[in-house]
Amino acid sequence: MPDNASLLEGGCTCGEIRYRLESEPLFVNCCHCSWCQRETGSAFVLNAMIEADRVTLLRGVPVMVPTPSLSGKGQKIWRCEICRVALWSNYSGAGDKVHFVRVGTLDDPGALPPDAHIFTTTKLPWVRLPDDVPVFQDFYDPGETWPQDTLDRMRALRRQE
């Protein structure tokens, strides 16, 4: 993450939507589940979890598309109304207060490497995972995996509910 997180901006393909991350993310997951593979048309999705109020829209307004999920509780995927690129999601577990920003929509996606690889039981067999990033067959226990500042930020969000 760059020293100045406000430099992390992104947007959709057509340029209708532009946004900025106002702080570093809580955590970055690389999800290899078959649902994410299907939804993205790729081998995995890279999501930067960040408080919704720390994502500033600079231009445009995304539209919410309700989408089924493996949990059965669904997710909200926020997309550009014109080019339909997925910019972020809200999952039922974290609610509307946490955006799962699609790292690939950042101008510099290389600035946010994954903190963990999750749901690797369904990863594609030709994907090779690095040795220096934690790997989980399913999800993980945030209390054991997230750094203390992330746990503190999530506790603060839950107190707002």
# chains A, B, ... in the order shown; residues from 1 in each chain; ligands from 1

call {"tool": "select_by_dssp", "arguments": {"residues": "range 69-143 of chain A", "states": "strand (DSSP E or B)", "output": "list of chain:residue names"}}
result
A:Gln75, A:Lys76, A:Ile77, A:Trp78, A:Arg79, A:Ala86, A:Leu87, A:Trp88, A:Ser89, A:Asn90, A:Tyr91, A:Val98, A:His99, A:Phe100, A:Val101, A:Arg102, A:Leu106, A:Ala116, A:His117, A:Ile118, A:Val135

call {"tool": "residues_around", "arguments": {"residues": "Pro114 in chain A", "least_positions_apart": "2", "cutoff": "7 Å", "atoms": "only C-alpha atoms", "output": "list in words"}}
result
Val28, Asn29, Cys30, Leu112, Ala116 and His117 of chain A

call {"tool": "atom_distance", "arguments": {"atom1": "CA of Lys76 in chain A", "atom2": "CA of Leu157 in chain A"}}
result
18.8 Å

call {"tool": "closest_residue", "arguments": {"among": "A:Leu21, A:Ala43, A:Met64, A:Leu26", "to": "Val127 in chain A", "atoms": "only C-alpha atoms"}}
result
A:Ala43

call {"tool": "select_by_dssp", "arguments": {"residues": "range 89-150 of chain A", "states": "helix (DSSP H, G or I)", "output": "list in words"}}
result
Gly95, Asp96, Lys97, Val103, Gly104, Thr105, Pro109, Gly110, Ala111, Thr120, Thr121, Thr122, Pro142, Gly143, Glu144, Thr145, Gln148, Asp149 and Thr150 of chain A

call {"tool": "write_last_selection", "arguments": {"atoms": "C-alpha atoms", "output": "short mmCIF file (atom, residue, chain, number, x, y, z; two decimals), in the first residue's frame"}}
result
data_model
loop_
_atom_site.label_atom_id
_atom_site.label_comp_id
_atom_site.auth_asym_id
_atom_site.auth_seq_id
_atom_site.Cartn_x
_atom_site.Cartn_y
_atom_site.Cartn_z
CA GLY A 95 -23.40 -5.61 5.65
CA ASP A 96 -23.53 -2.28 3.89
CA LYS A 97 -20.82 -0.72 6.04
CA VAL A 103 -8.85 -4.56 -6.77
CA GLY A 104 -8.76 -4.96 -10.56
CA THR A 105 -10.76 -1.73 -10.90
CA PRO A 109 -4.13 -2.89 -8.83
CA GLY A 110 -0.59 -4.02 -8.02
CA ALA A 111 -0.66 -1.71 -4.98
CA THR A 120 -8.58 -22.78 -2.17
CA THR A 121 -10.26 -26.19 -2.21
CA THR A 122 -11.92 -25.02 -5.44
CA PRO A 142 -10.54 -13.13 11.48
CA GLY A 143 -9.52 -12.97 15.15
CA GLU A 144 -6.53 -15.14 14.35
CA THR A 145 -5.73 -13.71 10.92
CA GLN A 148 -5.06 -5.71 15.42
CA ASP A 149 -5.86 -2.39 13.68
CA THR A 150 -8.27 -4.21 11.34
#

call {"tool": "closest_residue", "arguments": {"among": "A:Leu124, A:Leu129, A:Met154, A:Ala86", "to": "Thr40 in chain A", "atoms": "only C-alpha atoms"}}
result
A:Ala86

call {"tool": "atom_distance", "arguments": {"atom1": "CA of Glu22 in chain A", "atom2": "CA of Thr56 in chain A"}}
result
7.0 Å

call {"tool": "residues_around", "arguments": {"residues": "Gly11 in chain A", "least_positions_apart": "5", "cutoff": "12 Å", "atoms": "only C-alpha atoms", "output": "ChimeraX atom specification"}}
result
/A:16-21,55-62,78-80,83-88,101-109

call {"tool": "residues_around", "arguments": {"residues": "Lys123 in chain A", "least_positions_apart": "5", "cutoff": "10 Å", "atoms": "only C-alpha atoms", "output": "PDB file with N, CA and C atoms, in the first residue's frame"}}
result
ATOM      1  N   CYS A  31     -10.084 -14.633  -3.362  1.00  0.00           N
ATOM      2  CA  CYS A  31     -11.053 -15.719  -3.207  1.00  0.00           C
ATOM      3  C   CYS A  31     -11.059 -16.611  -4.447  1.00  0.00           C
ATOM      4  N   HIS A  32     -10.861 -17.904  -4.203  1.00  0.00           N
ATOM      5  CA  HIS A  32     -10.796 -18.890  -5.285  1.00  0.00           C
ATOM      6  C   HIS A  32     -12.056 -19.744  -5.362  1.00  0.00           C
ATOM      7  N   CYS A  33     -13.137 -19.334  -4.689  1.00  0.00           N
ATOM      8  CA  CYS A  33     -14.348 -20.161  -4.703  1.00  0.00           C
ATOM      9  C   CYS A  33     -14.951 -20.203  -6.109  1.00  0.00           C
ATOM     10  N   SER A  34     -15.687 -21.268  -6.377  1.00  0.00           N
ATOM     11  CA  SER A  34     -16.265 -21.435  -7.712  1.00  0.00           C
ATOM     12  C   SER A  34     -17.319 -20.370  -8.006  1.00  0.00           C
ATOM     13  N   GLN A  37     -15.386 -17.416  -9.218  1.00  0.00           N
ATOM     14  CA  GLN A  37     -14.891 -17.730 -10.555  1.00  0.00           C
ATOM     15  C   GLN A  37     -15.995 -17.490 -11.594  1.00  0.00           C
ATOM     16  N   ALA A  43     -10.192 -16.829 -12.672  1.00  0.00           N
ATOM     17  CA  ALA A  43      -9.759 -17.885 -11.764  1.00  0.00           C
ATOM     18  C   ALA A  43     -10.018 -17.533 -10.307  1.00  0.00           C
ATOM     19  N   PHE A  44     -10.172 -16.255 -10.000  1.00  0.00           N
ATOM     20  CA  PHE A  44     -10.385 -15.803  -8.631  1.00  0.00           C
ATOM     21  C   PHE A  44     -10.806 -14.343  -8.669  1.00  0.00           C
ATOM     22  N   HIS A 117      -5.220 -16.041   0.740  1.00  0.00           N
ATOM     23  CA  HIS A 117      -5.937 -16.768  -0.315  1.00  0.00           C
ATOM     24  C   HIS A 117      -6.965 -17.638   0.387  1.00  0.00           C
ATOM     25  N   ILE A 118      -8.230 -17.527  -0.045  1.00  0.00           N
ATOM     26  CA  ILE A 118      -9.314 -18.237   0.635  1.00  0.00           C
ATOM     27  C   ILE A 118     -10.069 -19.144  -0.335  1.00  0.00           C
ATOM     28  N   ARG A 128      -0.878 -21.262  -9.140  1.00  0.00           N
ATOM     29  CA  ARG A 128       0.171 -21.499  -8.148  1.00  0.00           C
ATOM     30  C   ARG A 128       0.118 -20.387  -7.108  1.00  0.00           C
ATOM     31  N   LEU A 129       0.064 -20.756  -5.841  1.00  0.00           N
ATOM     32  CA  LEU A 129      -0.029 -19.779  -4.757  1.00  0.00           C
ATOM     33  C   LEU A 129       1.357 -19.514  -4.177  1.00  0.00           C
ATOM     34  N   GLN A 137      -8.147 -23.320   3.138  1.00  0.00           N
ATOM     35  CA  GLN A 137      -9.007 -24.163   2.314  1.00  0.00           C
ATOM     36  C   GLN A 137     -10.402 -23.574   2.191  1.00  0.00           C
TER      37      GLN A 137
END

call {"tool": "closest_residue", "arguments": {"among": "A:Asp115, A:Glu24, A:Trp146, A:Gly72", "to": "Asp131 in chain A", "atoms": "only C-alpha atoms"}}
result
A:Asp115
